[in-house]
Amino acid sequence: MEVDKEPESNTVTMRKALLIVNCIILSIGNCGSPLMTRLYFIHGGQRVWFSSWLQTGAWPIILLPIASAYFHRSRNRPSSQNKLFLMKPPLFLAATVIGILTGFDNYLYVYGISRLPVSTSSLIIASQLAFTAGFAFVLVKQKFTSYSINAVFLLTIGAGVLAMHTSGDRPANESDREYVLGFLMTLGAAALYGFILPLVELTYKKAKQEISYAIVMEIQMVMCLFATGVCTIGMLVNNDFKVIPREAREYELGETKYYVIAIFTAITCQCFFLGAIGVIFCASSLLSGIIITVLLPITEILAVIFYKESFHAEKGVALALSLWGFLSYFYGEIKESKKNKPAFPTEMASVSNRQGTV
């Protein structure tokens with residue numbers, strides 16, 4: 001009996017460690033990507049499709065951990081049975097569809113960032129949790145408690161408070177129409193990504209093969225590849241490839257810093273996407289949405305410090321409601337975990353079976 005408990009204990013420990021690593025990666029991406037994206041626009045950048053392309057353009061980075069996992073498997077498997085890519089066609093097709101949706105979501109998100117201060121856009125993105133919860137209920141039968149419902153309600157009200165006072169922090173030389181359009185596009189991005197997160201979880205559940213973390217990285221790579229393809233088409237139609245060299249030369253911070261900002265934007269955005277789907281693999285799409293929301297205050301503070309953005313009363317109310325909603329959700333999760341604690345080892349045992357292909 002003790003022999004059986006030891007592997008279960010090791011699996012739980014590895015699972016928690018993997019979740020922590022993905023939370024750190026998600027934190028870096030979630031806080032860094034909007035700041036880097038906004039930095040591009042503040043100092044003279046104007047290409048929305050190019051900035052959208054940067055959100056997923058660093059997808060080749062994923063090849064490094066995929067190759068590392070391949071060589072790790074080579075130690076335990078004959079070369080004839082080991083493959084660099086483990087994903088089967090149905091899973092590849094699902095990742096392709098999600099990637100195309102992600103490409104359009106990138107455009108909506110970046111358009112909003114180009115028009116709104118980071119502190120405002122981050123608060124609007126917090127409403128993503130409400131969309132994630134709703135779609136998770138429909139797609140993956142996510143169970144709700146009074147605490148999670150309260151959290152969704154508070155986050156929705158927080159976004160509504162901002163919607164009623166949309167002109168308080170409108171950037172100079174920007175019309176009310178452009179600002180409102182930026183607000184609506186950001187809200188649309190939150191809704192679409194709130195749909196994408198449960199869709200990824202549904203893909204894991206419906207996959208006709210075991211889902212290991214190596215396959216999670218492959219899904220991430222395919223998603224970002226096709227999202228980048230969507231944005232590349234947008235860049236071609238918008239003539240961005242012809243304009244970028246001139247824009248770099250005329251950039252306020254200089255040509256070198258223009259490309260440095262572009263590179264770091266791509267890297268931080270890749271951290272966001274990899275961390276988000278990693279958390280879904282380790283836990284759920286709803287937890288991924290919750291973590292994105294809880295990082296909101298950090299992004300708010302960094303935007304106020306580095307970009308000298310205003311923080312008026314409406315933002316304070318929206319932030320307080322968002323934090324209240326987050327605390328409500330986690331309090332409910334803690335209570336539920338205590339009720340379901342006996343079932344936890346069984347769940348972890350089933351996870352260990354899924355990780356057998358790593």
# chains A, B, ... in the order shown; residues from 1 in each chain; ligands from 1
$ residues_around --residues "Ile125 in chain A" --least-positions-apart "4" --cutoff "9 Å" --atoms "only C-alpha atoms" --output "PyMOL selection string"
chain A and resi 109+120-121+129+159+186-187+189-191+292-293+296
$ residues_around --residues "range 43-50 of chain A" --least-positions-apart "4" --cutoff "9 Å" --atoms "only C-alpha atoms" --output "PyMOL selection string"
chain A and resi 38-39+54+106-107+110-111+114+231-235+238+240-241+243-244+247-248+250-253+258
$ write_last_selection --atoms "N, CA, C and O atoms" --output "compact mmCIF listing (two decimals), in the first residue's frame"
# COMPACT_ATOMS: atom_id res chain seq x y z
N ARG A 38 1.98 48.68 -25.52
CA ARG A 38 1.62 50.09 -25.40
C ARG A 38 2.84 50.99 -25.64
O ARG A 38 2.72 52.06 -26.23
N LEU A 39 4.02 50.53 -25.22
CA LEU A 39 5.25 51.30 -25.42
C LEU A 39 5.50 51.54 -26.90
O LEU A 39 5.94 52.62 -27.31
N LEU A 54 3.19 40.39 -33.59
CA LEU A 54 4.17 40.19 -32.51
C LEU A 54 3.59 39.39 -31.35
O LEU A 54 4.34 38.76 -30.59
N ASN A 106 -6.02 38.64 -31.34
CA ASN A 106 -4.83 39.50 -31.23
C ASN A 106 -5.11 40.89 -31.81
O ASN A 106 -4.72 41.91 -31.23
N TYR A 107 -5.78 40.91 -32.96
CA TYR A 107 -6.06 42.20 -33.60
C TYR A 107 -6.99 43.04 -32.74
O TYR A 107 -6.74 44.26 -32.54
N VAL A 110 -4.95 44.31 -29.65
CA VAL A 110 -3.94 45.32 -29.96
C VAL A 110 -4.59 46.63 -30.38
O VAL A 110 -4.10 47.72 -30.03
N TYR A 111 -5.69 46.55 -31.11
CA TYR A 111 -6.39 47.78 -31.48
C TYR A 111 -6.82 48.54 -30.23
O TYR A 111 -6.68 49.76 -30.15
N SER A 114 -3.86 50.17 -28.59
CA SER A 114 -3.38 51.34 -29.33
C SER A 114 -4.19 52.59 -29.01
O SER A 114 -3.72 53.71 -29.22
N CYS A 231 -2.32 37.12 -38.96
CA CYS A 231 -1.79 38.49 -38.85
C CYS A 231 -0.85 38.83 -40.00
O CYS A 231 -0.75 39.99 -40.40
N THR A 232 -0.15 37.83 -40.53
CA THR A 232 0.71 38.06 -41.69
C THR A 232 -0.12 38.48 -42.90
O THR A 232 0.26 39.39 -43.65
N ILE A 233 -1.26 37.81 -43.09
CA ILE A 233 -2.17 38.21 -44.18
C ILE A 233 -2.64 39.65 -43.98
O ILE A 233 -2.69 40.45 -44.92
N GLY A 234 -2.98 39.99 -42.73
CA GLY A 234 -3.38 41.36 -42.42
C GLY A 234 -2.28 42.36 -42.72
O GLY A 234 -2.53 43.46 -43.24
N MET A 235 -1.03 41.99 -42.41
CA MET A 235 0.11 42.88 -42.70
C MET A 235 0.31 43.06 -44.19
O MET A 235 0.62 44.17 -44.65
N ASN A 238 -2.34 45.36 -45.52
CA ASN A 238 -2.16 46.72 -45.01
C ASN A 238 -0.81 47.32 -45.39
O ASN A 238 -0.48 48.43 -44.95
N ASP A 240 2.14 46.60 -44.38
CA ASP A 240 2.99 46.84 -43.22
C ASP A 240 4.46 46.53 -43.50
O ASP A 240 5.36 47.21 -42.98
N PHE A 241 4.74 45.52 -44.31
CA PHE A 241 6.13 45.13 -44.56
C PHE A 241 6.90 46.25 -45.28
O PHE A 241 8.11 46.38 -45.10
N VAL A 243 6.15 49.50 -44.84
CA VAL A 243 6.16 50.69 -43.97
C VAL A 243 7.07 50.52 -42.77
O VAL A 243 7.65 51.49 -42.27
N ILE A 244 7.26 49.30 -42.28
CA ILE A 244 8.01 49.05 -41.05
C ILE A 244 9.41 49.65 -41.07
O ILE A 244 9.82 50.30 -40.09
N GLU A 247 9.08 53.34 -40.54
CA GLU A 247 8.60 53.62 -39.20
C GLU A 247 9.71 53.45 -38.17
O GLU A 247 9.80 54.22 -37.21
N ALA A 248 10.57 52.45 -38.37
CA ALA A 248 11.69 52.21 -37.45
C ALA A 248 12.66 53.38 -37.47
O ALA A 248 13.16 53.81 -36.42
N GLU A 250 12.00 56.47 -38.17
CA GLU A 250 11.37 57.68 -37.62
C GLU A 250 10.90 57.51 -36.17
O GLU A 250 10.33 58.45 -35.60
N TYR A 251 11.14 56.35 -35.58
CA TYR A 251 10.66 56.06 -34.22
C TYR A 251 11.31 57.00 -33.22
O TYR A 251 12.52 57.29 -33.30
N GLU A 252 10.55 57.50 -32.25
CA GLU A 252 11.02 58.51 -31.30
C GLU A 252 12.22 58.03 -30.48
O GLU A 252 13.11 58.82 -30.15
N LEU A 253 12.26 56.75 -30.15
CA LEU A 253 13.34 56.22 -29.32
C LEU A 253 14.53 55.72 -30.14
O LEU A 253 15.52 55.26 -29.57
N TYR A 258 13.51 50.44 -31.50
CA TYR A 258 12.26 50.01 -32.16
C TYR A 258 12.25 48.49 -32.29
O TYR A 258 11.26 47.82 -31.93
$ select_by_dssp --residues "range 149-340 of chain A" --states "helix (DSSP H, G or I)" --output "PyMOL selection string"
chain A and resi 149-163+176-206+213-237+240-250+255-282+285-294+296-307+313-339
$ closest_residue --among "A:Leu139, A:Leu323, A:Ile62, A:Ile113" --to "Tyr179 in chain A" --atoms "only C-alpha atoms"
A:Ile113
$ residues_around --residues "Thr102 in chain A" --least-positions-apart "4" --cutoff "8 Å" --atoms "only C-alpha atoms" --output "PyMOL selection string"
chain A and resi 98+106+193+196+223-224+227
$ closest_residue --among "A:Ser328, A:Ser74, A:Ser27, A:Ser285" --to "Tyr204 in chain A" --atoms "only C-alpha atoms"
A:Ser285
$ residues_around --residues "Phe273 in chain A" --least-positions-apart "4" --cutoff "8 Å" --atoms "only C-alpha atoms" --output "VMD selection string"
chain A and resid 26 29 220 269 277
$ write_last_selection --atoms "N, CA and C atoms" --output "PDB file, in the first residue's frame"
ATOM      1  N   LEU A  26       3.076  32.744 -16.991  1.00  0.00           N
ATOM      2  CA  LEU A  26       1.879  33.530 -17.296  1.00  0.00           C
ATOM      3  C   LEU A  26       1.970  34.923 -16.686  1.00  0.00           C
ATOM      4  N   GLY A  29       4.251  37.132 -18.817  1.00  0.00           N
ATOM      5  CA  GLY A  29       3.589  37.517 -20.060  1.00  0.00           C
ATOM      6  C   GLY A  29       2.419  38.446 -19.851  1.00  0.00           C
ATOM      7  N   GLN A 220       0.374  24.629 -28.445  1.00  0.00           N
ATOM      8  CA  GLN A 220       0.724  26.045 -28.369  1.00  0.00           C
ATOM      9  C   GLN A 220       1.432  26.499 -29.641  1.00  0.00           C
ATOM     10  N   CYS A 269       4.774  38.096 -24.982  1.00  0.00           N
ATOM     11  CA  CYS A 269       3.480  37.586 -25.429  1.00  0.00           C
ATOM     12  C   CYS A 269       3.494  36.065 -25.521  1.00  0.00           C
ATOM     13  N   ILE A 277      -2.118  28.264 -21.484  1.00  0.00           N
ATOM     14  CA  ILE A 277      -2.561  26.904 -21.810  1.00  0.00           C
ATOM     15  C   ILE A 277      -1.915  25.887 -20.883  1.00  0.00           C
TER      16      ILE A 277
END
$ closest_residue --among "A:Arg115, A:Phe272, A:Val161, A:Gly194" --to "Val180 in chain A" --atoms "only C-alpha atoms"
A:Arg115
$ residues_around --residues "Glu333 in chain A" --least-positions-apart "5" --cutoff "10 Å" --atoms "only C-alpha atoms" --output "ChimeraX atom specification"
/A:145,147-148,287,327-328,338-339
$ residues_around --residues "Gly158 in chain A" --least-positions-apart "3" --cutoff "8 Å" --atoms "only C-alpha atoms" --output "JSON list (two decimals) with all heavy atoms, in the first residue's frame"
[["chain", "number", "residue", "atom", "x", "y", "z"],
["A", 123, "LEU", "N", -8.26, 46.79, -17.04],
["A", 123, "LEU", "CA", -9.51, 46.65, -16.28],
["A", 123, "LEU", "C", -10.62, 46.07, -17.16],
["A", 123, "LEU", "O", -11.44, 45.27, -16.70],
["A", 123, "LEU", "CB", -9.93, 48.01, -15.72],
["A", 123, "LEU", "CG", -9.15, 48.49, -14.49],
["A", 123, "LEU", "CD1", -9.45, 49.96, -14.21],
["A", 123, "LEU", "CD2", -9.49, 47.64, -13.29],
["A", 127, "SER", "N", -12.88, 41.67, -17.45],
["A", 127, "SER", "CA", -14.22, 41.11, -17.71],
["A", 127, "SER", "C", -14.13, 39.79, -18.44],
["A", 127, "SER", "O", -15.13, 39.06, -18.55],
["A", 127, "SER", "CB", -15.06, 42.10, -18.53],
["A", 127, "SER", "OG", -14.49, 42.30, -19.81],
["A", 154, "LEU", "N", -19.37, 40.66, -9.98],
["A", 154, "LEU", "CA", -18.57, 41.82, -9.58],
["A", 154, "LEU", "C", -17.65, 42.29, -10.70],
["A", 154, "LEU", "O", -17.50, 43.50, -10.92],
["A", 154, "LEU", "CB", -17.74, 41.47, -8.34],
["A", 154, "LEU", "CG", -18.54, 41.28, -7.04],
["A", 154, "LEU", "CD1", -17.65, 40.70, -5.94],
["A", 154, "LEU", "CD2", -19.14, 42.60, -6.58],
["A", 155, "LEU", "N", -17.04, 41.35, -11.42],
["A", 155, "LEU", "CA", -16.15, 41.73, -12.52],
["A", 155, "LEU", "C", -16.93, 42.39, -13.66],
["A", 155, "LEU", "O", -16.45, 43.31, -14.30],
["A", 155, "LEU", "CB", -15.41, 40.49, -13.03],
["A", 155, "LEU", "CG", -14.31, 39.99, -12.09],
["A", 155, "LEU", "CD1", -13.88, 38.58, -12.47],
["A", 155, "LEU", "CD2", -13.12, 40.92, -12.11],
["A", 161, "VAL", "N", -18.70, 50.03, -14.81],
["A", 161, "VAL", "CA", -18.32, 51.32, -14.22],
["A", 161, "VAL", "C", -17.40, 52.08, -15.17],
["A", 161, "VAL", "O", -17.55, 53.29, -15.38],
["A", 161, "VAL", "CB", -17.63, 51.11, -12.85],
["A", 161, "VAL", "CG1", -17.01, 52.41, -12.35],
["A", 161, "VAL", "CG2", -18.62, 50.58, -11.84],
["A", 162, "LEU", "N", -16.45, 51.37, -15.78],
["A", 162, "LEU", "CA", -15.55, 52.02, -16.74],
["A", 162, "LEU", "C", -16.31, 52.47, -17.99],
["A", 162, "LEU", "O", -16.04, 53.53, -18.54],
["A", 162, "LEU", "CB", -14.44, 51.05, -17.14],
["A", 162, "LEU", "CG", -13.32, 50.82, -16.13],
["A", 162, "LEU", "CD1", -12.34, 49.80, -16.68],
["A", 162, "LEU", "CD2", -12.59, 52.10, -15.81],
["A", 317, "VAL", "N", -12.71, 52.20, -8.34],
["A", 317, "VAL", "CA", -13.89, 51.39, -8.04],
["A", 317, "VAL", "C", -13.85, 50.08, -8.81],
["A", 317, "VAL", "O", -14.12, 49.00, -8.27],
["A", 317, "VAL", "CB", -15.18, 52.18, -8.39],
["A", 317, "VAL", "CG1", -16.40, 51.27, -8.28],
["A", 317, "VAL", "CG2", -15.33, 53.39, -7.47],
["A", 318, "ALA", "N", -13.48, 50.16, -10.10],
["A", 318, "ALA", "CA", -13.41, 48.96, -10.93],
["A", 318, "ALA", "C", -12.35, 48.00, -10.40],
["A", 318, "ALA", "O", -12.55, 46.77, -10.37],
["A", 318, "ALA", "CB", -13.11, 49.34, -12.38],
["A", 319, "LEU", "N", -11.21, 48.54, -9.96],
["A", 319, "LEU", "CA", -10.15, 47.70, -9.40],
["A", 319, "LEU", "C", -10.61, 47.02, -8.12],
["A", 319, "LEU", "O", -10.37, 45.82, -7.91],
["A", 319, "LEU", "CB", -8.90, 48.55, -9.14],
["A", 319, "LEU", "CG", -7.70, 47.83, -8.51],
["A", 319, "LEU", "CD1", -7.26, 46.67, -9.39],
["A", 319, "LEU", "CD2", -6.55, 48.81, -8.29],
["A", 321, "LEU", "N", -13.68, 46.30, -7.21],
["A", 321, "LEU", "CA", -14.66, 45.27, -7.55],
["A", 321, "LEU", "C", -13.98, 44.03, -8.12],
["A", 321, "LEU", "O", -14.38, 42.89, -7.83],
["A", 321, "LEU", "CB", -15.67, 45.83, -8.55],
["A", 321, "LEU", "CG", -16.66, 46.87, -8.00],
["A", 321, "LEU", "CD1", -17.45, 47.50, -9.15],
["A", 321, "LEU", "CD2", -17.61, 46.26, -6.99],
["A", 322, "SER", "N", -12.94, 44.25, -8.94],
["A", 322, "SER", "CA", -12.21, 43.12, -9.52],
["A", 322, "SER", "C", -11.52, 42.29, -8.44],
["A", 322, "SER", "O", -11.57, 41.06, -8.45],
["A", 322, "SER", "CB", -11.18, 43.62, -10.54],
["A", 322, "SER", "OG", -11.81, 44.27, -11.61]]
$ closest_residue --among "A:Thr156, A:Ser284, A:Cys271, A:Ala266" --to "Gly325 in chain A" --atoms "only C-alpha atoms"
A:Thr156
$ residues_around --residues "Leu64 in chain A" --least-positions-apart "3" --cutoff "12 Å" --atoms "only C-alpha atoms" --output "list in words"
Ala58, Trp59, Pro60, Ile61, Ala67, Ser68, Ala69, Tyr70, Phe71, Leu84, Ala214, Met217, Glu218 and Met221 of chain A
